[in-house]
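Enquirer: Contents of coords.cif (mmCIF, C-alpha atoms) are given next:
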data_my_file
#
loop_
_atom_site.label_atom_id
_atom_site.label_comp_id
_atom_site.auth_asym_id
_atom_site.auth_seq_id
_atom_site.Cartn_x
_atom_site.Cartn_y
_atom_site.Cartn_z
CA MET A 185 5.26 21.16 10.65
CA SER A 186 6.77 24.05 12.64
CA ALA A 187 10.55 24.32 13.00
CA THR A 188 10.29 24.05 16.81
CA ARG A 189 8.23 20.88 16.64
CA ARG A 190 10.59 19.35 14.06
CA ASP A 191 13.59 20.19 16.26
CA THR A 192 11.92 18.54 19.28
CA ILE A 193 11.18 15.38 17.31
CA GLU A 194 14.75 15.23 16.02
CA GLN A 195 16.14 15.72 19.53
CA LEU A 196 13.99 12.88 20.89
CA TYR A 197 15.02 10.67 18.00
CA GLY A 198 18.65 11.55 18.62
CA LEU A 199 18.32 10.34 22.21
CA ILE A 200 16.84 7.04 21.03
CA ALA A 201 19.36 6.68 18.20
CA ASN A 202 22.16 7.43 20.69
CA GLU A 203 24.26 9.30 18.17
CA GLU A 204 25.18 12.94 17.61
CA ASP A 205 23.93 12.70 14.03
CA ALA A 206 20.44 11.25 14.31
CA ARG A 207 20.15 11.09 10.54
CA VAL A 208 22.14 7.93 10.02
CA CYS A 209 20.80 6.57 6.75
CA LYS A 210 21.64 2.99 5.86
CA ASP A 211 19.75 0.99 3.25
CA ILE A 212 17.05 3.66 2.67
CA PRO A 213 16.60 6.19 -0.16
CA GLU A 214 18.58 9.41 0.27
CA GLU A 215 15.48 11.61 -0.01
CA ALA A 216 13.83 9.70 2.86
CA CYS A 217 16.68 10.53 5.27
CA GLN A 218 15.32 13.87 6.46
CA GLU A 219 11.94 12.33 7.32
CA VAL A 220 13.34 9.52 9.50
CA PRO A 221 12.69 11.11 12.96
CA ARG A 222 9.06 11.96 12.20
CA ASN A 223 8.38 8.62 10.51
CA PHE A 224 10.04 6.79 13.41
CA PHE A 225 7.54 8.17 15.94
CA LEU A 226 4.50 7.81 13.66
CA ILE A 227 5.30 4.13 13.11
CA LEU A 228 6.18 3.71 16.80
CA PHE A 229 2.87 5.05 18.13
CA SER A 230 0.86 3.21 15.48
CA ASN A 231 2.47 -0.04 16.67
CA VAL A 232 1.87 0.77 20.35
CA LEU A 233 -1.85 1.39 19.74
CA THR A 234 -2.28 -1.88 17.86
CA LYS A 235 -0.45 -3.80 20.59
CA LEU A 236 -2.90 -2.40 23.13
CA GLY A 237 -5.76 -3.40 20.85
CA ASP A 238 -4.36 -6.92 20.68
CA LEU A 239 -4.58 -7.15 24.47
CA LEU A 240 -8.22 -6.11 24.50
CA ILE A 241 -9.27 -8.78 21.97
CA SER A 242 -6.85 -11.56 22.98
CA PRO A 243 -8.31 -14.88 21.71
CA LYS A 244 -6.74 -16.64 24.70
CA THR A 245 -8.59 -14.48 27.24
CA VAL A 246 -11.27 -11.99 26.14
CA LEU A 247 -12.65 -13.75 23.06
CA ALA A 248 -12.49 -17.17 24.71
CA TRP A 249 -14.47 -15.82 27.67
CA LEU A 250 -16.98 -14.20 25.33
CA MET A 251 -17.60 -17.47 23.48
CA SER A 252 -18.54 -19.15 26.72
CA ALA A 253 -20.52 -16.16 27.93
CA VAL A 254 -22.68 -15.97 24.80
CA GLY A 255 -23.24 -19.73 24.81
CA ALA A 256 -20.92 -20.95 22.05
CA PRO A 257 -18.07 -22.73 23.88
CA ALA A 258 -17.49 -25.24 21.06
CA LEU A 259 -16.17 -22.42 18.85
CA VAL A 260 -13.35 -21.52 21.24
CA ALA A 261 -10.98 -24.00 19.54
CA TRP A 262 -11.11 -21.99 16.31
CA LEU A 263 -10.04 -18.64 17.77
CA VAL A 264 -6.25 -18.96 17.95
CA PRO A 265 -5.78 -20.79 14.61
CA ILE A 266 -7.89 -18.22 12.79
CA ARG A 267 -6.18 -15.32 14.56
CA GLU A 268 -2.66 -16.52 13.73
CA SER A 269 -2.88 -18.42 10.46
CA GLY A 270 -5.67 -16.37 8.90
CA SER A 271 -3.33 -13.40 8.60
CA MET A 272 -0.37 -15.44 7.30
CA VAL A 273 -1.64 -17.95 4.74
CA PRO A 274 -3.02 -15.43 2.15
CA GLN A 275 0.05 -13.21 2.24
CA MET A 276 1.59 -14.39 -1.03
CA VAL A 277 -1.52 -13.21 -2.88
CA ILE A 278 -1.63 -10.02 -0.83
CA ALA A 279 2.06 -9.34 -1.53
CA ALA A 280 1.56 -9.79 -5.28
CA TRP A 281 -1.03 -7.00 -5.12
CA VAL A 282 1.00 -4.78 -2.79
CA ARG A 283 4.09 -5.17 -4.96
CA ARG A 284 2.42 -3.28 -7.82
CA LYS A 285 2.20 -0.05 -5.81
CA ALA A 286 5.12 2.34 -5.40
CA VAL A 287 3.69 3.72 -2.11
CA ARG A 288 2.46 1.04 0.29
CA LYS A 289 1.57 2.76 3.53
CA TRP A 290 -2.08 2.86 2.45
CA PHE A 291 -2.29 -0.92 2.65
CA TRP A 292 -1.33 -0.75 6.35
CA THR A 293 -3.82 2.09 6.92
CA LEU A 294 -6.65 0.22 5.22
CA GLY A 295 -5.68 -2.95 7.09
CA SER A 296 -5.87 -1.08 10.38
CA PHE A 297 -9.29 0.33 9.47
CA GLY A 298 -10.39 -3.18 8.49
CA GLN A 299 -9.37 -4.48 11.90
CA ALA A 300 -11.28 -1.64 13.58
CA ILE A 301 -14.45 -2.49 11.64
CA SER A 302 -14.02 -6.20 12.39
CA VAL A 303 -13.67 -5.63 16.14
CA ALA A 304 -16.71 -3.31 16.10
CA ALA A 305 -18.62 -6.14 14.37
CA MET A 306 -17.58 -8.47 17.20
CA ALA A 307 -19.01 -5.99 19.70
CA ALA A 308 -22.26 -5.83 17.72
CA SER A 309 -22.48 -9.64 17.65
CA VAL A 310 -22.08 -9.80 21.42
CA TRP A 311 -24.62 -7.06 22.07
CA PHE A 312 -27.37 -7.96 19.59
CA LEU A 313 -27.06 -11.74 19.24
CA ASP A 314 -26.67 -14.72 21.53
CA GLY A 315 -25.76 -18.39 21.41
CA TYR A 316 -24.08 -19.77 18.32
CA ALA A 317 -25.35 -16.84 16.25
CA ALA A 318 -23.21 -14.50 18.36
CA GLY A 319 -20.30 -16.95 18.35
CA SER A 320 -20.48 -17.34 14.58
CA GLY A 321 -20.55 -13.55 14.21
CA ILE A 322 -17.35 -13.30 16.26
CA VAL A 323 -15.64 -16.01 14.18
CA ILE A 324 -16.63 -14.37 10.87
CA ALA A 325 -15.43 -10.99 12.13
CA LEU A 326 -12.17 -12.61 13.28
CA ILE A 327 -11.61 -14.01 9.78
CA VAL A 328 -11.96 -10.50 8.32
CA PHE A 329 -9.75 -9.18 11.12
CA SER A 330 -7.01 -11.71 10.29
CA LEU A 331 -7.13 -10.95 6.56
CA SER A 332 -6.84 -7.23 7.33
CA ARG A 333 -3.90 -8.00 9.57
CA GLY A 334 -2.24 -9.78 6.65
CA PHE A 335 -2.19 -6.49 4.70
CA CYS A 336 -0.62 -4.75 7.69
CA SER A 337 2.04 -7.43 8.10
CA VAL A 338 3.16 -7.27 4.46
CA ALA A 339 3.07 -3.47 4.27
CA MET A 340 4.73 -2.78 7.63
CA LYS A 341 8.03 -4.50 6.89
CA ASP A 342 8.23 -2.86 3.48
CA VAL A 343 7.39 0.66 4.71
CA GLN A 344 9.73 0.26 7.68
CA GLY A 345 12.48 -0.93 5.33
CA LYS A 346 12.01 2.17 3.15
CA CYS A 347 11.59 4.74 5.94
CA ILE A 348 13.76 3.57 8.86
CA PRO A 349 17.56 3.07 8.58
CA LYS A 350 19.00 -0.41 8.81
CA THR A 351 20.53 0.06 12.27
CA ARG A 352 17.39 1.60 13.80
CA ARG A 353 14.70 -0.93 12.96
CA GLY A 354 15.31 -3.27 15.89
CA ARG A 355 15.06 -0.52 18.49
CA LEU A 356 11.87 0.75 16.87
CA SER A 357 10.22 -2.66 17.28
CA GLY A 358 11.72 -3.10 20.74
CA LEU A 359 10.58 0.31 21.98
CA ALA A 360 7.06 -0.29 20.64
CA SER A 361 6.91 -3.61 22.49
CA THR A 362 8.27 -2.05 25.68
CA ILE A 363 5.74 0.80 25.69
CA GLY A 364 2.94 -1.53 24.69
CA GLY A 365 3.95 -4.07 27.33
CA THR A 366 4.10 -1.41 30.05
CA ALA A 367 0.67 -0.11 29.09
CA THR A 368 -0.57 -3.69 29.09
CA VAL A 369 0.59 -4.13 32.69
CA VAL A 370 -1.45 -1.08 33.69
CA LEU A 371 -4.52 -2.20 31.72
CA THR A 372 -4.30 -5.70 33.18
CA GLY A 373 -4.46 -4.22 36.66
CA LEU A 374 -7.23 -1.74 35.88
CA LEU A 375 -9.50 -3.89 33.74
CA PHE A 376 -9.04 -7.53 34.74
CA TRP A 377 -7.59 -7.79 38.23
CA ASP A 378 -10.06 -8.94 40.91
CA ARG A 379 -13.08 -7.94 38.82
CA GLY A 380 -14.87 -11.23 39.24
CA ASP A 381 -17.20 -12.08 36.36
CA PRO A 382 -17.54 -8.98 34.11
CA SER A 383 -20.79 -8.34 32.27
CA LEU A 384 -21.29 -8.52 28.52
CA ALA A 385 -21.58 -4.73 28.51
CA PHE A 386 -18.09 -4.46 30.00
CA TYR A 387 -16.52 -6.66 27.34
CA THR A 388 -18.51 -4.95 24.57
CA THR A 389 -17.01 -1.67 25.74
CA LEU A 390 -13.53 -3.22 25.64
CA LEU A 391 -14.09 -4.31 22.04
CA LEU A 392 -15.25 -0.84 21.02
CA LEU A 393 -12.23 0.68 22.76
CA ALA A 394 -9.95 -1.68 20.83
CA ALA A 395 -11.68 -0.70 17.57
CA GLY A 396 -10.97 2.94 18.38
CA LEU A 397 -7.28 2.18 18.92
CA TRP A 398 -6.94 0.62 15.47
CA LEU A 399 -8.81 3.55 13.94
CA ILE A 400 -6.41 6.08 15.49
CA ALA A 401 -3.41 3.95 14.50
CA GLY A 402 -4.58 3.98 10.88
CA PHE A 403 -4.81 7.76 10.82
CA LEU A 404 -1.33 8.09 12.36
CA PHE A 405 0.22 5.70 9.84
CA ALA A 406 -1.41 7.57 6.95
CA ASN A 407 0.84 10.53 7.83
CA VAL A 408 4.08 8.57 7.33
CA GLU A 409 6.16 10.24 4.60
CA GLU A 410 6.91 7.33 2.28
CA TYR A 411 8.72 7.93 -1.00
CA PRO A 412 7.84 5.80 -4.05
CA GLY A 413 9.83 2.59 -4.39
CA GLU A 414 10.14 -0.31 -6.78
CA THR A 415 7.08 -1.89 -8.35
CA GLY A 416 6.64 -5.21 -10.08
CA GLY A 417 4.46 -8.26 -10.50
CA GLY A 418 1.99 -6.85 -12.96
CA GLY A 419 0.49 -10.24 -13.78
CA ASN A 420 -2.28 -12.17 -12.12
CA ALA A 421 -1.94 -11.95 -8.35
CA ILE A 422 -2.41 -15.68 -7.74
CA ASN A 423 0.07 -16.62 -10.47
CA GLU A 424 2.57 -14.13 -9.06
CA ALA A 425 1.99 -15.56 -5.59
CA PHE A 426 2.81 -19.13 -6.62
CA ARG A 427 5.75 -17.92 -8.71
CA SER A 428 7.21 -16.31 -5.60
CA LEU A 429 7.33 -19.75 -3.96
CA SER A 430 10.35 -20.42 -6.16
CA LEU A 431 12.31 -18.37 -3.59
CA LEU A 432 12.28 -21.44 -1.36
CA ARG A 433 14.00 -23.41 -4.11
CA ASP A 434 16.32 -20.78 -5.58
CA ASP A 435 17.34 -18.70 -2.56
CA PRO A 436 19.26 -20.89 -0.05
CA PRO A 437 19.74 -18.18 2.66
CA PHE A 438 16.01 -17.42 2.62
CA ARG A 439 15.10 -21.14 2.67
CA HIS A 440 17.38 -21.62 5.66
CA PHE A 441 15.72 -18.69 7.45
CA VAL A 442 12.24 -20.16 6.87
CA ILE A 443 13.35 -23.56 8.21
CA THR A 444 14.84 -21.89 11.28
CA ARG A 445 11.70 -19.85 11.87
CA ALA A 446 9.53 -22.97 11.55
CA LEU A 447 11.55 -24.79 14.20
CA LEU A 448 11.27 -21.79 16.51
CA LEU A 449 7.47 -21.96 16.55
CA CYS A 450 8.11 -23.78 19.82
CA SER A 451 8.34 -20.48 21.72
CA ALA A 452 4.75 -19.63 20.78
CA LEU A 453 3.20 -23.09 20.96
CA ALA A 454 4.58 -24.07 24.38
CA SER A 455 2.98 -21.22 26.35
CA PRO A 456 -0.55 -22.67 26.67
CA TYR A 457 0.83 -25.93 28.07
CA PHE A 458 2.59 -24.07 30.89
CA VAL A 459 -0.82 -22.64 31.75
CA VAL A 460 -2.43 -26.10 31.58
CA LEU A 461 0.07 -27.53 34.08
CA ALA A 462 -0.41 -24.51 36.36
CA GLN A 463 -4.18 -25.05 36.41
CA GLN A 464 -3.60 -28.22 38.37
CA GLU A 465 -1.96 -26.28 41.20
CA ALA A 466 -4.05 -23.12 41.71
CA ASP A 467 -7.42 -21.53 41.11
CA ILE A 468 -7.62 -20.62 37.42
CA GLY A 469 -9.24 -17.22 38.04
CA TRP A 470 -6.31 -16.14 40.21
CA MET A 471 -3.67 -17.67 37.96
CA LEU A 472 -5.05 -16.08 34.81
CA GLY A 473 -4.26 -12.59 36.11
CA VAL A 474 -0.75 -13.71 37.07
CA PHE A 475 -0.06 -15.11 33.59
CA LEU A 476 -1.37 -11.93 31.94
CA LEU A 477 0.90 -9.88 34.17
CA ALA A 478 3.89 -12.16 33.48
CA SER A 479 3.42 -11.84 29.73
CA SER A 480 3.11 -8.04 29.93
CA LEU A 481 6.14 -7.62 32.17
CA ALA A 482 8.25 -9.87 29.96
CA SER A 483 7.46 -7.73 26.93
CA SER A 484 8.00 -4.38 28.65
CA LEU A 485 11.25 -5.42 30.35
CA SER A 486 12.96 -7.28 27.52
CA ALA A 487 11.78 -5.88 24.19
CA SER A 488 13.97 -2.79 24.11
CA PHE A 489 17.02 -4.86 25.09
CA TRP A 490 16.29 -7.31 22.29
CA GLY A 491 15.66 -4.41 19.90
CA TRP A 492 18.97 -2.66 20.57
CA ALA A 493 20.78 -6.01 20.38
CA ALA A 494 19.10 -6.79 17.04
CA ASP A 495 20.53 -3.59 15.56
CA THR A 496 23.98 -5.06 16.24
CA SER A 497 23.22 -8.64 15.21
CA SER A 498 19.67 -9.93 14.71
CA ARG A 499 21.15 -13.39 14.11
CA ARG A 500 22.60 -13.51 17.63
CA VAL A 501 19.27 -12.35 19.07
CA ILE A 502 17.53 -15.28 17.36
CA ILE A 503 20.15 -17.70 18.72
CA ARG A 504 19.88 -16.40 22.29
CA GLY A 505 16.08 -16.36 22.24
CA ALA A 506 16.03 -19.90 20.84
CA ALA A 507 18.45 -21.11 23.51
CA MET A 508 16.28 -19.61 26.27
CA ALA A 509 13.04 -21.01 24.82
CA SER A 510 14.34 -24.54 24.29
CA GLY A 511 16.14 -24.50 27.64
CA ILE A 512 13.13 -23.51 29.73
CA CYS A 513 10.89 -26.01 27.89
CA LEU A 514 13.32 -28.86 28.48
CA VAL A 515 13.86 -27.90 32.14
CA VAL A 516 10.12 -27.66 32.85
CA GLY A 517 9.35 -30.85 30.92
CA LEU A 518 12.08 -32.94 32.53
CA LEU A 519 11.32 -31.72 36.07
CA ALA A 520 7.59 -32.32 35.63
CA LEU A 521 8.28 -35.77 34.17
CA THR A 522 10.62 -36.90 36.96
CA LEU A 523 9.12 -35.10 40.00
CA GLY A 524 5.49 -34.73 38.96
CA PRO A 525 3.57 -31.65 37.65
CA GLY A 526 3.08 -30.23 41.14
CA PHE A 527 6.74 -30.27 42.18
CA GLY A 528 7.36 -26.50 42.07
CA GLY A 529 4.21 -25.12 43.68
CA ALA A 530 1.84 -22.53 42.25
CA TRP A 531 4.46 -19.92 41.40
CA PHE A 532 6.85 -22.10 39.40
CA TYR A 533 4.86 -22.11 36.17
CA PRO A 534 4.20 -18.33 36.03
CA ILE A 535 7.95 -17.76 36.53
CA ALA A 536 8.76 -20.27 33.79
CA PHE A 537 6.10 -18.65 31.59
CA PHE A 538 7.78 -15.26 32.23
CA VAL A 539 11.15 -16.63 31.06
CA LEU A 540 9.54 -18.25 28.00
CA SER A 541 7.79 -14.94 27.16
CA ILE A 542 11.15 -13.12 27.27
CA ALA A 543 12.62 -15.79 24.98
CA HIS A 544 9.67 -15.53 22.59
CA ALA A 545 10.06 -11.75 22.45
CA GLY A 546 13.71 -12.24 21.45
CA VAL A 547 12.91 -14.86 18.81
CA ARG A 548 10.07 -12.78 17.37
CA LEU A 549 11.93 -9.48 17.29
CA GLY A 550 15.15 -11.05 16.05
CA ARG A 551 13.58 -12.86 13.12
CA LYS A 552 11.51 -9.78 12.14
CA THR A 553 14.61 -7.58 12.08
CA TYR A 554 16.61 -10.28 10.29
CA LEU A 555 13.97 -10.58 7.56
CA VAL A 556 13.84 -6.82 6.94
CA ASP A 557 17.64 -6.53 6.87
CA MET A 558 18.33 -9.52 4.60
CA ALA A 559 16.44 -8.14 1.59
CA GLY A 560 15.68 -4.88 -0.17
CA GLY A 561 13.14 -3.54 -2.64
CA ASN A 562 10.42 -5.93 -3.82
CA LYS A 563 12.36 -8.89 -2.43
CA ARG A 564 11.50 -7.73 1.08
CA THR A 565 7.78 -7.93 0.27
CA ASP A 566 8.21 -11.38 -1.30
CA TYR A 567 10.28 -12.66 1.63
CA THR A 568 7.66 -11.48 4.11
CA ALA A 569 4.73 -12.96 2.20
CA VAL A 570 6.29 -16.34 1.37
CA SER A 571 7.69 -16.91 4.86
CA ASN A 572 4.44 -15.90 6.57
CA THR A 573 2.33 -18.06 4.26
CA VAL A 574 4.53 -21.12 4.80
CA ILE A 575 4.69 -20.54 8.56
CA GLY A 576 0.92 -20.05 8.72
CA LEU A 577 0.37 -23.46 7.12
CA LEU A 578 3.01 -25.10 9.30
CA LEU A 579 1.43 -23.51 12.37
CA LEU A 580 -1.83 -25.33 11.62
CA VAL A 581 0.01 -28.63 11.07
CA THR A 582 2.20 -28.26 14.16
CA GLY A 583 -0.78 -27.21 16.24
CA ALA A 584 -2.64 -30.34 15.17
CA LEU A 585 0.37 -32.53 16.00
CA THR A 586 0.82 -31.00 19.45
CA ALA A 587 -2.91 -31.37 20.10
CA ALA A 588 -2.59 -35.07 19.26
CA ILE A 589 0.45 -35.50 21.53
CA SER A 590 -1.37 -33.68 24.33
CA LEU A 591 -3.94 -36.50 24.36
CA ILE A 592 -1.09 -38.65 25.68
CA SER A 593 0.64 -36.10 27.92
CA ASP A 594 0.97 -32.31 28.21
CA ILE A 595 4.49 -32.85 29.55
CA ALA A 596 5.38 -34.75 26.38
CA VAL A 597 4.27 -31.77 24.30
CA ILE A 598 6.59 -29.43 26.23
CA LEU A 599 9.52 -31.82 25.81
CA VAL A 600 8.91 -32.22 22.07
CA LEU A 601 8.68 -28.46 21.64
CA GLY A 602 11.87 -28.03 23.67
CA LEU A 603 13.72 -30.40 21.35
CA MET A 604 12.22 -28.57 18.38
CA GLY A 605 13.53 -25.27 19.76
CA PHE A 606 16.98 -26.78 20.31
CA ALA A 607 17.05 -27.83 16.64
CA GLY A 608 16.01 -24.27 15.77
CA MET A 609 18.92 -22.87 17.77
CA LEU A 610 21.37 -25.14 15.92
CA SER A 611 19.86 -24.02 12.63
CA ALA A 612 20.14 -20.35 13.66
CA LEU A 613 23.85 -20.80 14.30
CA ARG A 614 24.25 -21.43 10.57
CA LEU A 615 22.35 -18.30 9.47
CA GLU A 616 24.37 -15.69 7.59
CA GLU A 617 25.06 -12.39 9.36
CA VAL A 618 22.99 -9.60 7.78
CA THR A 619 23.02 -6.77 10.33
CA GLU A 620 26.70 -6.11 10.98
CA ASP A 621 28.64 -4.05 8.46
#
When written as C-alpha cells, how does the structure in this file appear?

Expert:
Amino acid sequence: MSATRRDTIEQLYGLIANEEDARVCKDIPEEACQEVPRNFFLILFSNVLTKLGDLLISPKTVLAWLMSAVGAPALVAWLVPIRESGSMVPQMVIAAWVRRKAVRKWFWTLGSFGQAISVAAMAASVWFLDGYAAGSGIVIALIVFSLSRGFCSVAMKDVQGKCIPKTRRGRLSGLASTIGGTATVVLTGLLFWDRGDPSLAFYTTLLLLAAGLWLIAGFLFANVEEYPGETGGGGNAINEAFRSLSLLRDDPPFRHFVITRALLLCSALASPYFVVLAQQEADIGWMLGVFLLASSLASSLSASFWGWAADTSSRRVIIRGAAMASGICLVVGLLALTLGPGFGGAWFYPIAFFVLSIAHAGVRLGRKTYLVDMAGGNKRTDYTAVSNTVIGLLLLVTGALTAAISLISDIAVILVLGLMGFAGMLSALRLEEVTED
C-alpha cells in the first residue's frame, strides 16, 4: 500500500475514532496495532455489503413472495426459522473446528462465498424449476446459506476481537449498520416502491445481485491483516462442542449474559405481530413498503448512536434497548387490548414498529459488543458459539410458543413478549460492566 493511501486511511480512521492518536490499542496484540485503520475499513465495508445482501433475500419479504410466486406457499413457514436458527444451532461444532486455527479470517471468507453460492442456487431454482420443486430448492439452499452464515458469525467476533481495539468495536458495528440502513432506504425506494407485482426475472436478478455482494465481501475480508492467535481444542469437534457447554455451568457471568439475551428475544419476535395488527387497518401492499422503510430508517438513524454508546458501556446500551423494546410492546398491547386493534389508525403501527426497530438495534449491537468485550482468546470463540447455539434452540421453542399463543390472540403475544423484555431489562441491570476501564 502506498504511503499516501495509508495516510488517507489513517486520517479517516482518526475522524471516526475521534482522537488525535488513532492507534489506540486496547485488548489486541501489539503487532496488530499498526494495521487497525486498514482492517477497520475492510471489516466495515464487508459488513455493509452483507447487510445489503440480507435486504435482497429477506425471508420476510423477497423469499416469502417467491414461495407464493413459484407455487409453494406451504413452505413459507420454514423460511425464518431456518434463516435464524440454522446459523446458530451448529455453532458449537463450528467453533471447535475454528478454534484449532491460529488465523480465522478464512472461515469468514469461505462462509461469505458459501452464502453467495447458496443465493445463486436460489436464483437457479426460481428460474429453472417451479412449484414445490422450486420451493424445495430454495429451502435447501437456505439451509446451506444458514450454515455458511454460522461460520461467519463465529469468525467475525474473533477476528474483530483480534484486529479492532476494545473501545472501537461498537462504533464499527454501528457505522456498518448506519451505512447499510441508509443504502437499504435507497434500495427500498428504487426496487420495491410502487412496482406492483414484479416478475420472476426481476427477483432472480435481485438474488444474483445479492450473491455478487457476498462474493465481493469475501474478497474484501480476505485482505484483513490478522495475526496468529491462540489455538486449542485438538480433539473431536463434537466432543469439544459438548465440552464447551460446561461454560453455562462453570462461568456465572456468561450464564447470566445468555439468560439475559434469551429474555431479550422479544425485540425480534414481536415485530411480525405489529405487522399483523397493521394489516387489519390498511392495504398490505402499501403497508409493506412503509414497514420496510421504517426498519431501514431505524437502523440508519440509530445504529451509530448505539455503537458509540456501546464503546462507553455496552451494558447500558442493552438496558436502554431492553427498556424501549418492552415499553413499546406493553404500550401497544395494552392500548390494543383496551381500545381495540384499530384505535390508532393506519400510521400507529409503523411508528411503533420504527421505535421497536430502534430498540432492537440497541439490544443487538449492545449484546454483540458486550460478548466480544467480556472474553479474550479462545474464550471469545467459545462464548460466541455456545450462546448462539443455545439461543438458536430457544428461538425455535419461543417461536413455537408464540405461535400457539397467537391462535388465541395476537395482542396476547405482544403483551407476553413485552413482559419477557421487561424481565430481560431487570436481568441486564445485574450484568457486570465489561467496557469501562

Enquirer: Tell me which residues the PyMOL selection byres ((chain A and resi 287-301) around 8) grabs here, as number ranges by chain.

Expert: A: 282, 285-286, 302-305, 328-330, 332-337, 339-340, 342-343, 394-399, 401-403, 405-406, 408, 410-413

Enquirer: Separation of CA of Arg551 (chain A) and CA of Leu518 (chain A), in Å?

Expert: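 We find that CA of Arg551 (chain A) and CA of Leu518 (chain A) lie 28.0 Å from each other.
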
Enquirer: Find the residues near Ala536 (chain A): any atom within 8 Å, counting only C-alpha atoms, skip ones fewer than 4 places away on the same chain, and give them as a PyMOL selection string.

Expert: chain A and resi 458+512+516+532+540

Enquirer: Please determine, counting all atoms listed in the file, which residue among A:Gly354, A:Pro525, A:Gly546, A:Gly608 has the shortest atom-to-atom distance to Trp492 (chain A).

Expert: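 Residue with the minimum atom-to-atom distance to Trp492 (chain A): A:Gly354.
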
Enquirer: Since I can't run it myself right now, could you work out what the PyMOL selection byres ((chain A and resi 385) around 12) selects here and report it as an MDAnalysis selection string?

Expert: chainID A and resid 250 253:254 307:312 381:384 386:392

Enquirer: With C-alpha atoms retained, could you export that selection as a short mmCIF file (atom, residue, chain, number, x, y, z; two decimals), keeping the file's coordinate frame?

Expert:
data_model
loop_
_atom_site.label_atom_id
_atom_site.label_comp_id
_atom_site.auth_asym_id
_atom_site.auth_seq_id
_atom_site.Cartn_x
_atom_site.Cartn_y
_atom_site.Cartn_z
CA LEU A 250 -16.98 -14.20 25.33
CA ALA A 253 -20.52 -16.16 27.93
CA VAL A 254 -22.68 -15.97 24.80
CA ALA A 307 -19.01 -5.99 19.70
CA ALA A 308 -22.26 -5.83 17.72
CA SER A 309 -22.48 -9.64 17.65
CA VAL A 310 -22.08 -9.80 21.42
CA TRP A 311 -24.62 -7.06 22.07
CA PHE A 312 -27.37 -7.96 19.59
CA ASP A 381 -17.20 -12.08 36.36
CA PRO A 382 -17.54 -8.98 34.11
CA SER A 383 -20.79 -8.34 32.27
CA LEU A 384 -21.29 -8.52 28.52
CA PHE A 386 -18.09 -4.46 30.00
CA TYR A 387 -16.52 -6.66 27.34
CA THR A 388 -18.51 -4.95 24.57
CA THR A 389 -17.01 -1.67 25.74
CA LEU A 390 -13.53 -3.22 25.64
CA LEU A 391 -14.09 -4.31 22.04
CA LEU A 392 -15.25 -0.84 21.02
#

Enquirer: Take the PyMOL selection byres ((chain A and resi 438-443) around 10), apply it to the structure above, and return the hits as a ChimeraX atom specification.

Expert: /A:431-437,444-448,551,554-555,558-559,567,570-572,574-575,608,611-612,614-616

Enquirer: What is the CA of Val556 (chain A) to CA of Val618 (chain A) distance in Å?

Expert: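 Atom-to-atom, CA of Val556 (chain A) to CA of Val618 (chain A), that is 9.6 Å.
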
Enquirer: Write out as a VMD selection string which residues come within 7 Å of region 498-507 of chain A when counting all atoms listed in the file, dropping same-chain ones fewer than 3 positions away.

Expert: chain A and resid 448 490 493 to 495 510 to 511 543 to 544 546 to 547 550 to 551 553 to 554 605 to 606 608 to 609 612 to 613 615 617 619

Enquirer: Quick one: residues within 7 Å of Ile542 (chain A), only C-alpha atoms counted, chain neighbours fewer than 6 positions away excluded, as a list of chain:residue names?

Expert: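 Listing them by chain and then by number gives A:Ala482, A:Ser483, A:Ser486.
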
Enquirer: Can you tell me, as a list in words, what residues are no more than 10 Å from Leu371 (chain A) when counting all atoms listed in the file, ignoring any on the same chain fewer than 6 positions away?

Expert: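 Residues meeting the cut-off are Leu236, Leu239, Leu240, Gly365, Trp377, Leu477 and Ser480 of chain A.
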
Enquirer: Take CA of Leu374 (chain A) and CA of Leu356 (chain A) and report the distance between them in Å, one decimal.

Expert: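 That distance, rounded to one decimal, is 27.1 Å.
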